[in-house]
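Scroll down for the structure; my scribbles are underneath it.
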4 protein chains.
Amino acid sequence: MLRVARQVFSERGYHSASISDIIAAAGIARGTFYLYFVNKRAIFDELLDELLQQLNRSVVRIQVADGAPSPIEQMRGNVHRVFEVLDENRDLTKILLREAVGLDATFDEKLGAFYDNLIARIQGGLDLGQQLGLVRPCDSRVAARCVLGGVKEVVYQALVAGGLGVVSRESLVNEVVDFNLRGLFR
Amino acid sequence: MLRVARQVFSERGYHSASISDIIAAAGIARGTFYLYFVNKRAIFDELLDELLQQLNRSVVRIQVADGAPSPIEQMRGNVHRVFEVLDENRDLTKILLREAVGLDATFDEKLGAFYDNLIARIQGGLDLGQQLGLVRPCDSRVAARCVLGGVKEVVYQALVAGGLGVVSRESLVNEVVDFNLRGLFR
Amino acid sequence: MLRVARQVFSERGYHSASISDIIAAAGIARGTFYLYFVNKRAIFDELLDELLQQLNRSVVRIQVADGAPSPIEQMRGNVHRVFEVLDENRDLTKILLREAVGLDATFDEKLGAFYDNLIARIQGGLDLGQQLGLVRPCDSRVAARCVLGGVKEVVYQALVAGGLGVVSRESLVNEVVDFNLRGLFR
Amino acid sequence: MLRVARQVFSERGYHSASISDIIAAAGIARGTFYLYFVNKRAIFDELLDELLQQLNRSVVRIQVADGAPSPIEQMRGNVHRVFEVLDENRDLTKILLREAVGLDATFDEKLGAFYDNLIARIQGGLDLGQQLGLVRPCDSRVAARCVLGGVKEVVYQALVAGGLGVVSRESLVNEVVDFNLRGLFR
DNA sequence: TATGAATGAGCGTTCATTCAT
DNA sequence: CATGAATGAACGCTCATTCAT
């Protein structure tokens, strides 16, 4: 049921997807739907929460302990895991990046909180990098948003819009990480 | 009428904003609305087209002619003008980045075409930069998306979500351009 | 529209009467209904309010000024006018005495307030009568409820249930007034 | 099960009370409910029948045999027993006087038959009283309805609405009987 | 006897759109 | 040009009832 709803929302969008669409696709009766979800929003929330939690788990704080991989490798790992999670859930990725934005105030808050939390962790990594002399002096809030925005845009193109052709996940991750680390300059 | 619709869409979102809201705010009758716009989507389209055209005009191809400003200055100029246009049209910016995404297939196509065109120009600039030895070797398609995504994210935070506090447009532009040029590395 | 709704509610009862029933009987479209009434309850309220106000106007305080008719004549006049109003609005009478009770908390309160106000006026008359030595010593609260209850029951039987056969309004009023004044005793 | 249904119907009203409410309060499964009652109406019917039968038993025909108590005492006894039964079943009283009215045609008929039967007995008593010269000449159909209506109204106020404050059952019965016998006149 | 997941007819309500004036 | 009353398809949701286990 979550599986078919994910597909329906992904194909038609939140507003265009009706309960009728979902139950027709699921092959169940109207009442059955409301047996498992209190309303239309509830199933959408559950769908997104699933992805948001996976994403939260896939981004881990940079460690500087002895024997830990280099911060760069850790960053690459984070980006890689995010790409991986999203690649394995393309329907949900589409929903997250297209339908979830501007749904309503309540949902906006949830989504905002998720992104703010993500930003806080990215920014924390940048601040740490600055202390260690790895990251150049800059406004880490802005830089963190640049990183996030770039990842979102690339992910959307690569996994949803198909605008980046067929690129291996590996090389995509490397390109994104390199861009964020080194910028455009030779 | 476009003016009040812009405000209504910005405040309530596309789906929550009803024709009633718009005509009430505009102080006109129901029928009058349909005299000027064939339907709800039409006025939304017109609104967005306005912004999209302004944005298209504000991004100009990098010139390498003698006496032209340095490519970096030209890029900075592009980013600056984009920020300027969006800052002066915060309502439309909110609509573009929140309501316009995932509206329906037709609108998606239009938006996709706009962004693709933008990407093509950015990418063209990067390819040129690579030929000139200014830009390091990289997948310019991915890099262009990173630039675009970062700008969108920063603009949204700065102008709509208010998540970046009060930063001067100048320093914001500089931070973004620096990030794109130099990346995070010291 | 109020006219057909009155008939529909009277025939089918509040819960069984659907909006579809009303608009079908009125020969209008669904949306048209909501153009004039915010919801189903609103039209029901308006219907009842109409009757309640008429009833309130038909019951006037007993006057003891010089030249005023005797208190008994005034009481008879009140009962007469109440019968008259209800007789001329049999549909609404049925709705008042059958559908309006136990609808919901809000409506109960409104109805309770109406009856309490009525009781207060009846009781006021009784208290005045006791002071004048016309009414025997008794608990006027209970007596007032007896009067009200008797009138409601007789009205319902005579006008709605048809359980009292064909009796002229005049004789019915006289019977009720006599009962209330003299009781059953010879 | 009947016990909890009585409470649920009394608290929420027939239409607002759902099968879910009843089975939750009874701690049984959905199917079990339909094992004992064919539908929602059936349990409501059974509930009311319980009270209706009790009431029928508590009202006895006036006896004029030698050694029988005076007709007045017998009438007082009837009123007393009715008050007693209703007082001991306030939940059912509320249901009878609020929810049972205007439910549907079938139920109306049953309730009408009950009241008609009651009226017939009251009227029979009055007719007898008239033959004995105890009751003044009057339309006994109307007078009987006055008696019934008064009792219903007073009972409702005293036991359900709480609008008569705290009055002993004894004095309430006396007030009602006195009113019916002697009317309002001094 | 008891269960509870599943059902689906039917409800009240919304709102973009039309068109006679 | 402008009006606004009228429209009706479509929606999300409820809940009494069924039936395989």
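Order determines the names: the first chain of the structure tokens is A, the second B, and so forth; residues in each chain are numbered 1 upward, and ligands are numbered 1 upward as they are shown.
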
Kindly provide the residues of chain A that approach chain F to within 10 Å, each paired with its closest atom pair and their distance in Å to one decimal, based on only C-alpha atoms (C1' of nucleotides), listed by chain and increasing number, as CSV.
residue,atom,partner,partner_atom,distance
A:Ser18,CA,F:DC11,C1',7.9
A:Ile19,CA,F:DG12,C1',7.6
A:Ser20,CA,F:DC11,C1',9.5
A:Arg30,CA,F:DC13,C1',9.3
A:Gly31,CA,F:DT14,C1',8.5
A:Tyr34,CA,F:DC13,C1',8.4
A:Val38,CA,F:DC13,C1',9.4
A:Asn39,CA,F:DG12,C1',8.0
A:Lys40,CA,F:DG12,C1',7.9

Preceding selection exported with N, CA, C and O atoms as a tab-separated table (two decimals), in the first residue's frame:
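File written: again.tsv
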chain	number	residue	atom	x	y	z
A	18	SER	N	-5.44	11.29	-6.14
A	18	SER	CA	-6.61	11.21	-5.27
A	18	SER	C	-6.61	9.89	-4.53
A	18	SER	O	-5.91	8.95	-4.90
A	19	ILE	N	-7.38	9.85	-3.47
A	19	ILE	CA	-7.53	8.60	-2.74
A	19	ILE	C	-8.01	7.52	-3.70
A	19	ILE	O	-7.56	6.37	-3.62
A	20	SER	N	-8.89	7.90	-4.59
A	20	SER	CA	-9.38	6.94	-5.58
A	20	SER	C	-8.24	6.35	-6.38
A	20	SER	O	-8.21	5.14	-6.65
A	30	ARG	N	-12.24	1.74	-0.43
A	30	ARG	CA	-12.07	3.06	0.16
A	30	ARG	C	-11.84	2.98	1.68
A	30	ARG	O	-10.90	3.56	2.22
A	31	GLY	N	-12.72	2.26	2.32
A	31	GLY	CA	-12.65	2.17	3.78
A	31	GLY	C	-11.36	1.53	4.26
A	31	GLY	O	-10.84	1.87	5.33
A	34	TYR	N	-8.60	3.98	4.91
A	34	TYR	CA	-8.73	4.74	6.16
A	34	TYR	C	-8.59	3.86	7.39
A	34	TYR	O	-8.62	4.34	8.51
A	38	VAL	N	-5.04	7.76	8.72
A	38	VAL	CA	-6.15	8.61	9.15
A	38	VAL	C	-6.63	9.53	8.03
A	38	VAL	O	-7.80	9.88	7.97
A	39	ASN	N	-5.74	9.93	7.15
A	39	ASN	CA	-6.16	10.73	6.00
A	39	ASN	C	-5.07	10.73	4.93
A	39	ASN	O	-4.05	10.06	5.07
A	40	LYS	N	-5.33	11.46	3.89
A	40	LYS	CA	-4.41	11.47	2.74
A	40	LYS	C	-3.02	11.93	3.15
A	40	LYS	O	-2.02	11.39	2.73

Open item on the list: Show me, as a PyMOL selection string, every residue of chain E with an atom at most 9 Å from chain A, counting only C-alpha atoms (C1' of nucleotides).
Closed with: chain E and resi 5-8

Near C:Val60, counting only C-alpha atoms (C1' of nucleotides), which residues have an atom at most 9 Å away, once you skip same-chain residues fewer than 3 positions from it, shown as a PDB file with C-alpha atoms, in the first residue's frame?
ATOM      1  CA  ASN C  56     -41.577  34.603  20.864  1.00  0.00           C
ATOM      2  CA  ARG C  57     -43.578  37.432  19.390  1.00  0.00           C
ATOM      3  CA  GLN C  63     -50.665  43.197  31.649  1.00  0.00           C
ATOM      4  CA  GLN C  74     -54.623  37.425  28.017  1.00  0.00           C
ATOM      5  CA  MET C  75     -53.483  33.872  28.751  1.00  0.00           C
ATOM      6  CA  GLY C  77     -54.803  35.028  23.791  1.00  0.00           C
ATOM      7  CA  ASN C  78     -51.253  33.742  24.211  1.00  0.00           C
ATOM      8  CA  ARG C 121     -42.390  34.432  31.006  1.00  0.00           C
TER       9      ARG C 121
END

TODO: To one decimal in Å, tell me the separation between atom CA of B:Leu86 and atom CA of B:Ala42.
DONE: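 Separation between atom CA of B:Leu86 and atom CA of B:Ala42: 21.6 Å.
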
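The coordinates place atom CA of D:Gly163 at 20.6 Å from atom CA of D:Val101.
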
- [ ] Record the distance separating atom CA of D:Val173 and atom CA of D:Val79, expressed in Å with one decimal.
- [x]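 Separation between atom CA of D:Val173 and atom CA of D:Val79: 6.5 Å.
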
Open item on the list: Considering only C-alpha atoms, can you say which of A:Ser16, A:Ser70, A:Ser168, A:Gln123 comes closest to chain B?
Closed with: A:Ser16

Open item on the list: Neighbouring residues of stretch 4-14 of chain C were defined as those with any atom within 12 Å, considering only C-alpha atoms (C1' of nucleotides); residues of the same chain fewer than 2 positions away were excluded. Please report them as number ranges by chain.
Closed with: C: 1-2, 16-28, 33, 37, 40-48, 50-51, 89-104, 160; D: 15, 101-105, 108

- [ ] Step one, run DSSP on the backbone; step two, keep only residues of stretch 28-84 of chain B assigned to alpha helix (DSSP H); then write them as an MDAnalysis selection string.
- [x] chainID B and resid 30:36 40:58 71:84

Task: Contact residues around B:Lys152 with only C-alpha atoms (C1' of nucleotides) at 12 Å, ignoring same-chain residues under 3 positions, as a PyMOL selection string - done: (chain A and resi 142+145-153) or (chain B and resi 79+82-83+86+93-94+96-98+115+145-149+155-160+176)
